[in-house]
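Novice: What follows is a single structure, and I will ask about it in a moment.
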Amino acid sequence: MANEEDDPVIQEIDVYLAKSLAEKLYLFQYPVRPASMTYDDIPHLSAKIKPKQQKVELEMAIDTLNPNYCRSKGEQIALNVDGACADETSTYSSKLMDKQTFCSSQTTSNTARYAAALYRQGELHLTPLHGILQLRPSFSYLDKADAKHREREAANEAGDSSQDEAEEDVKQITVRFSRPESEQARQRRVQSYEFLQKKHAEEPWVHLHYYGVRDSRSEHERQYLLCQGSSGVENTELVKSPSEYLMMLMPPSPEEEKDKPVAPSNVLSMAQLRTLPLADQIKVLMKNVKVMPFANLMSLLGPSVDSVAVLRGIQKVAMLVQGNWVVKSDILYPKDSSSPHSGMPAEVLCRGRDFVMWKFTQSRWVVRKEVAAVTKLCAEDVKDFLEHMAVVRINKGWEFLLPYDLEFIKKHPDVVQRQHMLWSGIQAKLEKVYNLVKETMPKKPDGQSGPAGMLSGEQRVQTAKTKAQQNHAFLERELQRRKEQMRAATVLPSVQIKEEPLSEEEADGEELEAEEEEPMDTSPSSCLSTKLANGLPAGRAVGGDNLNGHPIPGCASSPAARELKAFVEATFQRQFVLTLSELKRLFNLHLAGLPPGHTLFSGISDRMLQDTVLAAGCKQILVPFPPQTAASPDEQKVFALWESGDISDQHRQVLLEIFSKNYRVRRNMIQSRLTQECGEELSKQDVDKVLKDCCVSYGGMWYLKGTVQS
């Protein structure tokens with residue numbers, strides 16, 4: 001903090017992006033010369049370029065009158081290169097080395113991160129570079145001298161040979177026809193060094209005309225280094241966040257991209273993910289998250305993605321377990337990999353993890369010792385399997401991480417049936433390898449009729465439905481009793497409860513309405529209802545006030561509520577204005593980066609998210625959207641941070657009040673209203689800061705962030 005106070009900002013400079021020469025600007029790097037001499041002072045005799053290779057050759061004069069020039073050495077080099085007789089093909093027509101050739105080579109393959117900067121009248125203009133070339137002296141004249149020397153030696157040897165040498169005997173020759181070239185041989189030939197060199201040599205040179213730095217044509221071209229529209233306010237190229245602007249100016253090099261992992265284990269780069277094909281996006285997401293409901297996967301991929309294509313892709317990389325998708329074992333353990341704990345090969349690890357997944361298709365609970373006893377794997381490997389898809393409960397075992405997704409099961413019966421057939425095949429293999437019929441099948445108690453066997457996941461769902469119907473009356477009475485207790489204790493003052501008692505039909509309607517208002521739940525849960533606990537019928541729930549030992553997420557004192565509030569506060573400190581749709585997208589990204597079993601996975605509803613936003617000091621801005629708007633209901637809910645503690649709070653509040661009455665506004669209206677409300681003339685920098693915090697510009701008008709419809 002002391003260093004920041006000692007280093008204040010003394011000037012702010014506007015930056016403009018000039019694109020007139022973006023595809024034509026090259027940077028030439030010459031060899032080092034004394035400071036008193038510049039390359040522009042040296043006459044450039046000729047210049048030529050090979051555009052495809054970006055190869056340049058410059059021919060520059062040598063000052064033969066300089067006292068440091070060795071004349072005898074220059075004459076000797078010219079004699080060695082051209083010989084005694086000078087003609088039109090001679091390299092040095094003056095019989096003196098009076099010129100030097102510089103040949104270029106590329107310094108880097110990716111020049112998108114470099115730009116030429118021109119500072120003019122308090123403005124910095126940047127032009128991206130199309131190429132960077134290093135010019136080095138070319139010594140091709142030495143090769144020509146060697147060729148001349150070899151020619152002279154060959155001529156001398158030919159003169160010394162005997163002129164009376166007898167004619168050679170006639171020899172028999174054999175004619176052979178070459179076989180047709182195969183495709184592999186042709187590819188090897190095309191990729192060979194000799195072929196590439198020949199192809200490069202065949203590209204013709206394009207001769208150029210050189211203009212010095214003081215030439216009028218050079219001065220005219222230098223004007224293109226200035227942004228042509230820099231005087232206007234609507235320079236939309238740079239209306240971006242600082243991170244986006246830096247990424248545009250300095251994109252990562254291909255070498256850095258190769259060094260980076262495609263998908264880190266704890267962080268997902270959604271910007272990088274969007275560039276991949278849909279199948280790869282699904283694979284990367286499942287490989288990182290391990291277990292995910294289909295609804296969450298669709299929200300991460302975006303609203304424009306076809307759900308049928310996602311269903312087709314998810315079945316290639318994941319298996320259905322209790323209505324949720326769990327990444328396949330061979331995705332986590334490729335063919336040539338091994339266990340970091342025991343060194344077991346990938347095939348054994350995949351078989352053991354498939355057994356754990358299959359166990360969770362039969363029950364919500366798995367005991368680690370039983371898995372280790374069947375698979376014969378070490379405890380660390382088994383623990384890794386379980387941590388991928390379950391959470392440990394003290395004195396109970398490992399419970400599946402997510403609640404049963406009954407909605408997906410009902411909506412996609414064809415997918416469920418296909419997955420059931422796949423699990424039947426996997427079960428047959430596991431029974432053969434691990435002898436499951438003998439070791440893991442439950443024993444039939446005395447007096448029980450019928451063959452002993454494993455219940456499938458579909459059968460367990462039907463059993464759960466039957467139990468729920470049988471306990472319907474009990475559930476209704478329990479719900480009524482708990483509502484009366486909460487009304488008496490006034491635990492949640494923000495929740496309004498009707499005074500008159502509810503009938504069974506009204507209670508069912510209220511619960512159904514609550515479920516329809518909460519489409520974003522990562523797992524269904526509610527503070528006011530115990531009808532479903534962790535996706536299971538209430539008969540299986542652990543207790544009335546908690547889910548699997550954790551406080552209900554909707555309660556203000558729960559860890560999930562505190563985590564959610566911290567996320568909301570941190571998000572609105574970075575982005576002052578957000579729509580509910582964008583906030584939900586950011587929250588899903590936040591969930592994707594959390595470790596399995598985190599408290600936020602217990603279930604966050606739209607209502608809880610909105611209440612937390614309002615409790616964090618934000619206000620909902622009722623933007624008057626046009627009647628023909630295509631914005632969804634979540635996109636029409638706009639929230640803004642009302643007070644952040646900085647000096648721009650008053651300016652932002654005035655701006656937000658403007659947008660509570662107008663869908664789009666011109667800049668001059670905003671500036672005049674800010675001047676009127678604040679009582680002083682605001683500088684251009686102050687207005688720009690407020691607009692950057694809350695608005696975006698489109699078509700000459702300003703909109704609140706997230707509300708513009710292109």
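Chain lettering (A, B, ...) mirrors the order of the structure tokens, residue numbering begins at 1 for each chain separately, and ligand numbering begins at 1 in order of display.
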Name the residues in contact with range 673-689 of chain A at a cut-off of 7 Å, using only C-alpha atoms, excluding same-chain residues fewer than 4 positions from it; report them as a JSON list (two decimals) with all heavy atoms, in the first residue's frame.
Specialist:
```
[["chain", "number", "residue", "atom", "x", "y", "z"],
["A", 651, "HIS", "N", -22.77, 9.22, -9.12],
["A", 651, "HIS", "CA", -22.91, 9.29, -10.57],
["A", 651, "HIS", "C", -23.61, 8.03, -11.10],
["A", 651, "HIS", "O", -24.48, 8.12, -11.99],
["A", 651, "HIS", "CB", -21.54, 9.43, -11.23],
["A", 651, "HIS", "CG", -20.76, 10.60, -10.72],
["A", 651, "HIS", "ND1", -19.39, 10.70, -10.83],
["A", 651, "HIS", "CD2", -21.17, 11.73, -10.08],
["A", 651, "HIS", "CE1", -18.98, 11.83, -10.30],
["A", 651, "HIS", "NE2", -20.04, 12.48, -9.83],
["A", 654, "VAL", "N", -27.41, 8.13, -10.38],
["A", 654, "VAL", "CA", -28.13, 8.99, -11.34],
["A", 654, "VAL", "C", -28.30, 8.26, -12.66],
["A", 654, "VAL", "O", -29.37, 8.29, -13.29],
["A", 654, "VAL", "CB", -27.37, 10.31, -11.52],
["A", 654, "VAL", "CG1", -28.02, 11.14, -12.64],
["A", 654, "VAL", "CG2", -27.34, 11.10, -10.22],
["A", 669, "MET", "N", -27.50, 13.31, -23.38],
["A", 669, "MET", "CA", -28.55, 13.35, -22.36],
["A", 669, "MET", "C", -28.01, 12.88, -21.01],
["A", 669, "MET", "O", -28.31, 13.46, -19.96],
["A", 669, "MET", "CB", -29.73, 12.47, -22.80],
["A", 669, "MET", "CG", -30.83, 12.36, -21.76],
["A", 669, "MET", "SD", -32.16, 11.27, -22.28],
["A", 669, "MET", "CE", -33.16, 11.25, -20.78],
["A", 693, "ASP", "N", -18.60, 1.38, -16.40],
["A", 693, "ASP", "CA", -19.02, 0.52, -15.30],
["A", 693, "ASP", "C", -20.39, -0.11, -15.55],
["A", 693, "ASP", "O", -20.62, -1.26, -15.16],
["A", 693, "ASP", "CB", -19.05, 1.32, -13.98],
["A", 693, "ASP", "CG", -17.67, 1.69, -13.50],
["A", 693, "ASP", "OD1", -16.70, 1.07, -13.96],
["A", 693, "ASP", "OD2", -17.56, 2.59, -12.65]]
```
Novice: If we count only C-alpha atoms, what is near range 327-330 of chain A at a cut-off of 6 Å, once residues fewer than 6 positions away on the same chain are taken out, given as JSON, numbers by chain?
Specialist: {"A": [286, 290, 317, 318, 350]}
Novice: For CA of Leu27 in chain A and CA of Pro242 in chain A, quote the distance in Å rounded to one decimal.
Specialist: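 Separating CA of Leu27 in chain A from CA of Pro242 in chain A is a distance of 26.4 Å.
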Novice: I'd like the interatomic distance between CA of Ser697 in chain A and CA of Phe659 in chain A, to a tenth of an Å.
Specialist: 13.7 Å
Novice: Please give the complete set of residues from range 39-256 of chain A that DSSP, run on the backbone, assigns to strand (DSSP E), formatted as number ranges by chain.
Specialist: A: 44-50, 55-61, 99-106, 115-120, 123-128, 131-137, 206-208
Novice: Between A:Glu59, A:Glu399, A:Glu181, A:Glu582, which one has atoms that come closest to Gly302 in chain A, using only C-alpha atoms?
Specialist: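 With only C-alpha atoms as the atom set, the closest residue is A:Glu582.
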Novice: At what distance in Å, to one decimal, does CA of Arg607 in chain A lie from CA of Asp306 in chain A?
Specialist: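 Calculated distance between CA of Asp306 in chain A and CA of Arg607 in chain A is 27.1 Å.
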Novice: Would you list the contacts of range 115-128 of chain A as a list in words, taking every protein, DNA or RNA residue within 6 Å and counting only C-alpha atoms, but skipping same-chain residues closer than 6 positions in sequence?
Specialist: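 After dropping sequence-adjacent residues, the list is Ile13, Asp14, Val15, Tyr16, Leu17, Ala18, Ala22 and Leu226 of chain A.
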